[in-house]
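**Student:** This is final.tsv (TSV, C-alpha atoms and all ligand atoms).
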```
chain	number	residue	atom	x	y	z
P	1	MET	CA	49.97	27.72	26.34
P	2	LYS	CA	46.68	27.52	28.24
P	3	TRP	CA	45.34	31.01	28.54
P	4	ARG	CA	41.70	31.07	27.49
P	5	GLY	CA	39.32	32.05	30.25
P	6	ARG	CA	42.10	33.41	32.44
P	7	LYS	CA	42.06	36.89	33.94
P	8	GLN	CA	42.88	39.72	31.53
P	9	SER	CA	44.64	42.93	32.45
P	10	SER	CA	42.56	46.07	32.69
P	11	ASN	CA	45.54	48.16	31.56
P	12	VAL	CA	45.00	47.74	27.83
P	13	GLU	CA	44.32	50.82	25.74
P	14	ASP	CA	42.79	50.07	22.37
P	15	ARG	CA	43.85	52.57	19.72
P	16	ARG	CA	43.36	50.26	16.77
P	17	GLY	CA	41.85	51.95	13.77
P	18	ARG	CA	43.13	55.31	14.94
P	19	SER	CA	45.98	56.38	12.79
P	20	VAL	CA	48.20	59.43	12.99
P	21	SER	CA	49.63	61.16	9.97
P	22	ARG	CA	52.57	63.49	9.73
P	23	LYS	CA	50.77	66.01	7.52
P	24	GLY	CA	51.24	68.60	10.25
P	25	ILE	CA	54.83	69.24	9.14
P	26	ALA	CA	53.76	70.60	5.76
P	27	GLY	CA	51.02	72.61	7.43
P	28	LEU	CA	53.60	74.62	9.33
P	29	GLY	CA	54.94	76.25	6.20
P	30	GLY	CA	58.34	77.70	5.27
P	31	ALA	CA	59.85	79.80	8.07
P	32	GLY	CA	58.31	77.89	10.97
P	33	LEU	CA	59.52	74.61	9.59
P	34	ILE	CA	63.08	75.88	8.99
P	35	ILE	CA	63.33	77.22	12.54
P	36	MET	CA	62.16	73.90	13.88
P	37	VAL	CA	64.61	71.89	11.80
P	38	VAL	CA	67.53	74.12	12.87
P	39	PHE	CA	66.45	73.84	16.48
P	40	ALA	CA	66.20	70.07	16.16
P	41	LEU	CA	69.68	69.83	14.65
P	42	ILE	CA	71.21	72.00	17.36
P	43	THR	CA	69.61	70.03	20.13
P	44	GLY	CA	70.81	66.77	18.67
P	45	ASN	CA	67.76	64.55	18.43
P	46	PRO	CA	65.98	65.68	15.27
P	47	THR	CA	63.13	63.22	15.05
P	48	MET	CA	62.24	63.26	18.69
P	49	ILE	CA	62.42	67.04	19.00
P	50	LEU	CA	60.43	67.56	15.82
P	51	GLU	CA	57.76	65.23	17.03
P	52	GLN	CA	57.64	66.85	20.43
P	53	LEU	CA	57.32	70.28	18.88
P	54	LEU	CA	54.60	69.05	16.61
P	55	GLY	CA	52.82	67.56	19.57
P	56	ILE	CA	53.01	70.79	21.54
P	57	GLN	CA	51.81	72.88	18.61
P	58	GLY	CA	48.96	70.50	17.98
P	59	GLU	CA	49.93	70.11	14.35
P	60	GLN	CA	49.77	66.35	14.41
P	61	GLN	CA	46.61	65.35	12.66
P	62	SER	CA	44.66	62.25	13.48
P	63	THR	CA	42.84	60.43	10.79
P	64	SER	CA	40.51	57.56	11.28
P	65	VAL	CA	41.34	54.44	9.31
P	66	PRO	CA	38.51	51.94	9.18
P	67	TYR	CA	39.40	48.93	11.25
P	68	THR	CA	37.35	45.85	11.92
P	69	GLU	CA	38.65	43.38	14.39
P	70	SER	CA	39.15	39.96	12.80
P	71	GLU	CA	38.56	36.83	14.83
P	72	GLU	CA	42.32	36.25	14.91
P	73	ASP	CA	42.97	39.76	16.22
P	74	GLN	CA	40.30	39.35	18.88
P	75	GLU	CA	41.99	36.15	19.97
P	76	LEU	CA	45.40	37.83	20.03
P	77	ALA	CA	44.15	40.86	21.95
P	78	GLY	CA	42.73	38.49	24.58
P	79	PHE	CA	46.00	36.60	24.70
P	80	VAL	CA	48.23	39.65	25.22
P	81	SER	CA	45.86	40.91	27.94
P	82	VAL	CA	46.21	37.62	29.81
P	83	VAL	CA	50.01	37.73	29.44
P	84	LEU	CA	50.11	41.33	30.65
P	85	ASN	CA	48.02	40.33	33.66
P	86	ASP	CA	50.54	37.56	34.42
P	87	THR	CA	53.41	40.05	34.38
P	88	GLU	CA	51.47	42.34	36.73
P	89	ALA	CA	50.99	39.49	39.21
P	90	VAL	CA	54.67	38.52	39.04
P	91	TRP	CA	56.12	42.01	39.32
P	92	SER	CA	53.72	43.22	42.01
P	93	GLU	CA	54.91	40.33	44.15
P	94	ARG	CA	58.60	40.86	43.40
P	95	PHE	CA	58.35	44.58	44.15
P	96	GLU	CA	56.39	44.02	47.33
P	97	GLU	CA	59.00	41.55	48.59
P	98	ASN	CA	61.53	44.31	48.23
P	99	GLY	CA	59.42	46.92	49.97
P	100	MET	CA	58.43	48.69	46.76
P	101	THR	CA	55.17	49.18	44.91
P	102	TYR	CA	54.89	48.07	41.30
P	103	LYS	CA	53.29	50.60	39.00
P	104	GLU	CA	51.52	48.72	36.24
P	105	PRO	CA	52.27	49.86	32.69
P	106	THR	CA	49.63	50.37	30.01
P	107	LEU	CA	49.64	48.25	26.88
P	108	VAL	CA	48.54	50.20	23.82
P	109	LEU	CA	47.20	48.24	20.87
P	110	TYR	CA	47.45	50.18	17.64
P	111	THR	CA	47.42	49.72	13.90
P	112	ASP	CA	49.98	51.14	11.44
P	113	ALA	CA	51.26	54.16	13.38
P	114	VAL	CA	51.03	55.74	16.77
P	115	GLN	CA	51.91	58.95	18.60
P	116	THR	CA	53.72	58.43	21.92
P	117	ALA	CA	55.64	60.48	24.48
P	118	CYS	CA	58.74	59.13	22.68
P	119	GLY	CA	57.57	60.49	19.34
P	120	PHE	CA	55.82	59.18	16.28
P	121	SER	CA	56.24	55.48	15.49
P	122	SER	CA	55.14	53.14	12.76
P	123	SER	CA	54.56	49.42	13.21
P	124	ALA	CA	57.71	48.83	11.17
P	125	VAL	CA	59.76	49.29	14.37
P	126	GLY	CA	58.01	46.38	16.08
P	127	PRO	CA	56.72	46.33	19.65
P	128	PHE	CA	58.39	48.85	21.95
P	129	TYR	CA	58.23	50.48	25.36
P	130	CYS	CA	58.27	54.24	25.91
P	131	PRO	CA	59.69	55.28	29.31
P	132	GLY	CA	58.21	58.77	28.84
P	133	ASP	CA	54.62	57.61	29.21
P	134	GLN	CA	55.37	54.15	30.68
P	135	LYS	CA	53.39	52.41	27.96
P	136	LEU	CA	54.03	49.36	25.81
P	137	TYR	CA	53.04	49.72	22.17
P	138	ILE	CA	52.18	46.80	19.94
P	139	ASP	CA	50.59	46.33	16.56
P	140	LEU	CA	49.19	42.81	16.70
P	141	SER	CA	50.19	42.19	13.09
P	142	PHE	CA	53.67	41.67	14.57
P	143	TYR	CA	52.45	38.21	15.51
P	144	ASN	CA	52.31	37.28	11.81
P	145	GLN	CA	55.70	38.82	11.25
P	146	LEU	CA	57.10	36.62	14.02
P	147	LYS	CA	55.74	33.61	12.18
P	148	THR	CA	56.77	34.52	8.66
P	149	GLU	CA	59.94	36.62	9.01
P	150	PHE	CA	61.45	35.40	12.26
P	151	ASN	CA	60.21	31.84	12.04
P	152	ALA	CA	59.01	32.09	15.63
P	153	SER	CA	55.42	30.93	15.57
P	154	GLY	CA	53.35	30.00	18.57
P	155	ASP	CA	51.98	31.74	21.62
P	156	PHE	CA	55.19	31.66	23.58
P	157	ALA	CA	57.12	33.92	21.20
P	158	MET	CA	54.45	36.58	21.50
P	159	ALA	CA	54.26	36.17	25.30
P	160	TYR	CA	58.02	36.64	25.43
P	161	VAL	CA	57.76	39.86	23.40
P	162	ILE	CA	55.29	41.31	25.93
P	163	ALA	CA	57.38	40.15	28.91
P	164	HIS	CA	60.52	41.70	27.37
P	165	GLU	CA	58.81	45.08	26.94
P	166	VAL	CA	57.52	44.83	30.50
P	167	GLY	CA	61.18	44.19	31.39
P	168	HIS	CA	61.99	47.62	29.98
P	169	HIS	CA	59.23	49.06	32.17
P	170	VAL	CA	60.79	47.45	35.23
P	171	GLN	CA	64.14	48.96	34.17
P	172	THR	CA	62.44	52.37	34.14
P	173	LEU	CA	60.86	51.85	37.56
P	174	LEU	CA	64.26	50.82	38.94
P	175	GLY	CA	66.03	53.79	37.37
P	176	LYS	CA	68.05	51.70	34.89
P	177	SER	CA	66.64	53.45	31.80
P	178	GLN	CA	67.61	56.80	33.26
P	179	GLN	CA	71.15	55.50	33.94
P	180	LEU	CA	71.45	54.34	30.33
P	181	ASN	CA	70.24	57.72	29.10
P	182	GLN	CA	72.90	59.39	31.20
P	183	LEU	CA	75.56	57.14	29.64
P	184	ARG	CA	74.41	58.23	26.18
P	185	GLN	CA	75.79	61.69	26.99
P	186	GLU	CA	79.03	60.44	28.50
P	187	LEU	CA	80.22	57.60	26.28
P	188	SER	CA	81.35	57.18	22.70
P	189	GLN	CA	78.87	55.59	20.30
P	190	ASN	CA	80.70	52.24	20.45
P	191	GLU	CA	80.82	52.15	24.23
P	192	PHE	CA	77.20	53.17	24.41
P	193	ASN	CA	76.18	50.41	22.00
P	194	GLU	CA	77.76	47.89	24.32
P	195	TYR	CA	75.63	49.15	27.20
P	196	SER	CA	72.55	49.11	24.98
P	197	VAL	CA	73.11	45.44	24.28
P	198	ARG	CA	73.49	44.74	28.00
P	199	PHE	CA	70.35	46.75	28.63
P	200	GLU	CA	68.45	44.53	26.17
P	201	LEU	CA	69.86	41.40	27.80
P	202	GLN	CA	68.69	42.64	31.18
P	203	ALA	CA	65.17	43.09	29.76
P	204	ASP	CA	65.40	39.50	28.47
P	205	TYR	CA	66.44	38.37	31.93
P	206	TYR	CA	63.51	40.23	33.50
P	207	ALA	CA	61.22	38.60	30.94
P	208	GLY	CA	62.08	35.25	32.47
P	209	VAL	CA	61.22	36.22	36.05
P	210	LEU	CA	58.55	33.88	37.29
P	211	LYS	CA	55.97	33.65	39.97
P	212	ILE	CA	57.34	31.50	42.77
S	301	ZN	ZN	64.15	45.62	24.14
```
Using structure tokens, write down the structure from this file.

**Tutor:**
Amino acid sequence: MKWRGRKQSSNVEDRRGRSVSRKGIAGLGGAGLIIMVVFALITGNPTMILEQLLGIQGEQQSTSVPYTESEEDQELAGFVSVVLNDTEAVWSERFEENGMTYKEPTLVLYTDAVQTACGFSSSAVGPFYCPGDQKLYIDLSFYNQLKTEFNASGDFAMAYVIAHEVGHHVQTLLGKSQQLNQLRQELSQNEFNEYSVRFELQADYYAGVLKI
């Protein structure tokens, strides 16, 4: 894939080397923690609620982990910025054609773990999109994982990953994510899983939308 020297997106937020820890939970102490856990269980989404509460109470502590950008990482960061810029060009056009305005998402580069509007996440979950803050999150080490674990080496696999997450952003802009969320309340787990799969397939389909 020829990408060097091409325009990069300006919507990249570099949080590499900034790590978040979950020490804040212990810091809350006995009673406060119990109340929070009970509240989280009642409301049904323990992790998310806990994280949100922690966020609000400012208990999440940030620690700085030394990070030096390797040549490979620098290359990758440039690559994903070019790919993101491509998706912006494509989707701005598609939206405009339909009388809408495309709102560009932000791509957050991070290492190890990150705090998002969707809660705390570690790189173990792989790249993801958070509708709450309309940001894509990626730890560039996923590129190596693609090569070694998924046997999907090469630029195109990584470009696809970005385009798929952008697909989820488009779903949010078009109200599809909200519809899926609504279904979560109304359907059984099995039925909901079926819709989740379709939702992922739609993001795959959006990932293939090209510039005409
Ligand atoms: Zn997905």

**Student:** Name the residues, by chain letter and number, that sit within 7 Å of ligand ZN 301 (chain S) using only C-alpha atoms and all ligand atoms, and give them as a compact mmCIF listing (two decimals) with C-alpha atoms, in the frame of the given file.

**Tutor:**
```txt
# COMPACT_ATOMS: atom_id res chain seq x y z
CA PHE P 128 58.39 48.85 21.95
CA HIS P 164 60.52 41.70 27.37
CA GLU P 165 58.81 45.08 26.94
CA HIS P 168 61.99 47.62 29.98
CA GLU P 200 68.45 44.53 26.17
CA ALA P 203 65.17 43.09 29.76
```

**Student:** Using only C-alpha atoms, collect all residues at a distance of at most 9 Å from (57.0, 49.0, 42.5) as written in the file, then present them as a ChimeraX atom specification.

**Tutor:** /P:91-92,94-96,98-104,170,173-174

**Student:** Any chance you can output those residues with C-alpha atoms as an mmCIF file, keeping the file's coordinate frame?

**Tutor:**
```cif
data_model
loop_
_atom_site.group_PDB
_atom_site.id
_atom_site.type_symbol
_atom_site.label_atom_id
_atom_site.label_comp_id
_atom_site.auth_asym_id
_atom_site.auth_seq_id
_atom_site.Cartn_x
_atom_site.Cartn_y
_atom_site.Cartn_z
ATOM 1 C CA TRP P 91 56.120 42.010 39.320
ATOM 2 C CA SER P 92 53.720 43.220 42.010
ATOM 3 C CA ARG P 94 58.600 40.860 43.400
ATOM 4 C CA PHE P 95 58.350 44.580 44.150
ATOM 5 C CA GLU P 96 56.390 44.020 47.330
ATOM 6 C CA ASN P 98 61.530 44.310 48.230
ATOM 7 C CA GLY P 99 59.420 46.920 49.970
ATOM 8 C CA MET P 100 58.430 48.690 46.760
ATOM 9 C CA THR P 101 55.170 49.180 44.910
ATOM 10 C CA TYR P 102 54.890 48.070 41.300
ATOM 11 C CA LYS P 103 53.290 50.600 39.000
ATOM 12 C CA GLU P 104 51.520 48.720 36.240
ATOM 13 C CA VAL P 170 60.790 47.450 35.230
ATOM 14 C CA LEU P 173 60.860 51.850 37.560
ATOM 15 C CA LEU P 174 64.260 50.820 38.940
#
```

**Student:** Starting from 4 Å padding per side, set up an axis-aligned box that covers all listed atoms of stretch 72-75 of chain P and hand over centre and edge lengths in Å, one decimal, as AutoDock Vina command-line options.

**Tutor:**
```
--center_x 41.6 --center_y 38.0 --center_z 17.4 --size_x 10.7 --size_y 11.6 --size_z 13.1
```

**Student:** Can you tell me, as a ChimeraX atom specification, what residues are no more than 12 Å from P:Ala207 when counting only C-alpha atoms, ignoring any on the same chain fewer than 2 positions away?

**Tutor:** /P:83-84,86-88,90-91,156-171,200-205,209-211

**Student:** Point out the residue among P:Cys118, P:Ala89, P:Val20, P:Ala77 with the least atom-to-atom distance to P:Ser141, counting only C-alpha atoms.

**Tutor:**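 Answer, going by the shortest atom-to-atom distance: P:Ala77.
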
**Student:** Give me, please, the distance in Å between atom CA of P:Val197 and atom CA of P:Gly132, quoted to one decimal.

**Tutor:**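 Going from atom CA of P:Val197 over to atom CA of P:Gly132, I get 20.5 Å.
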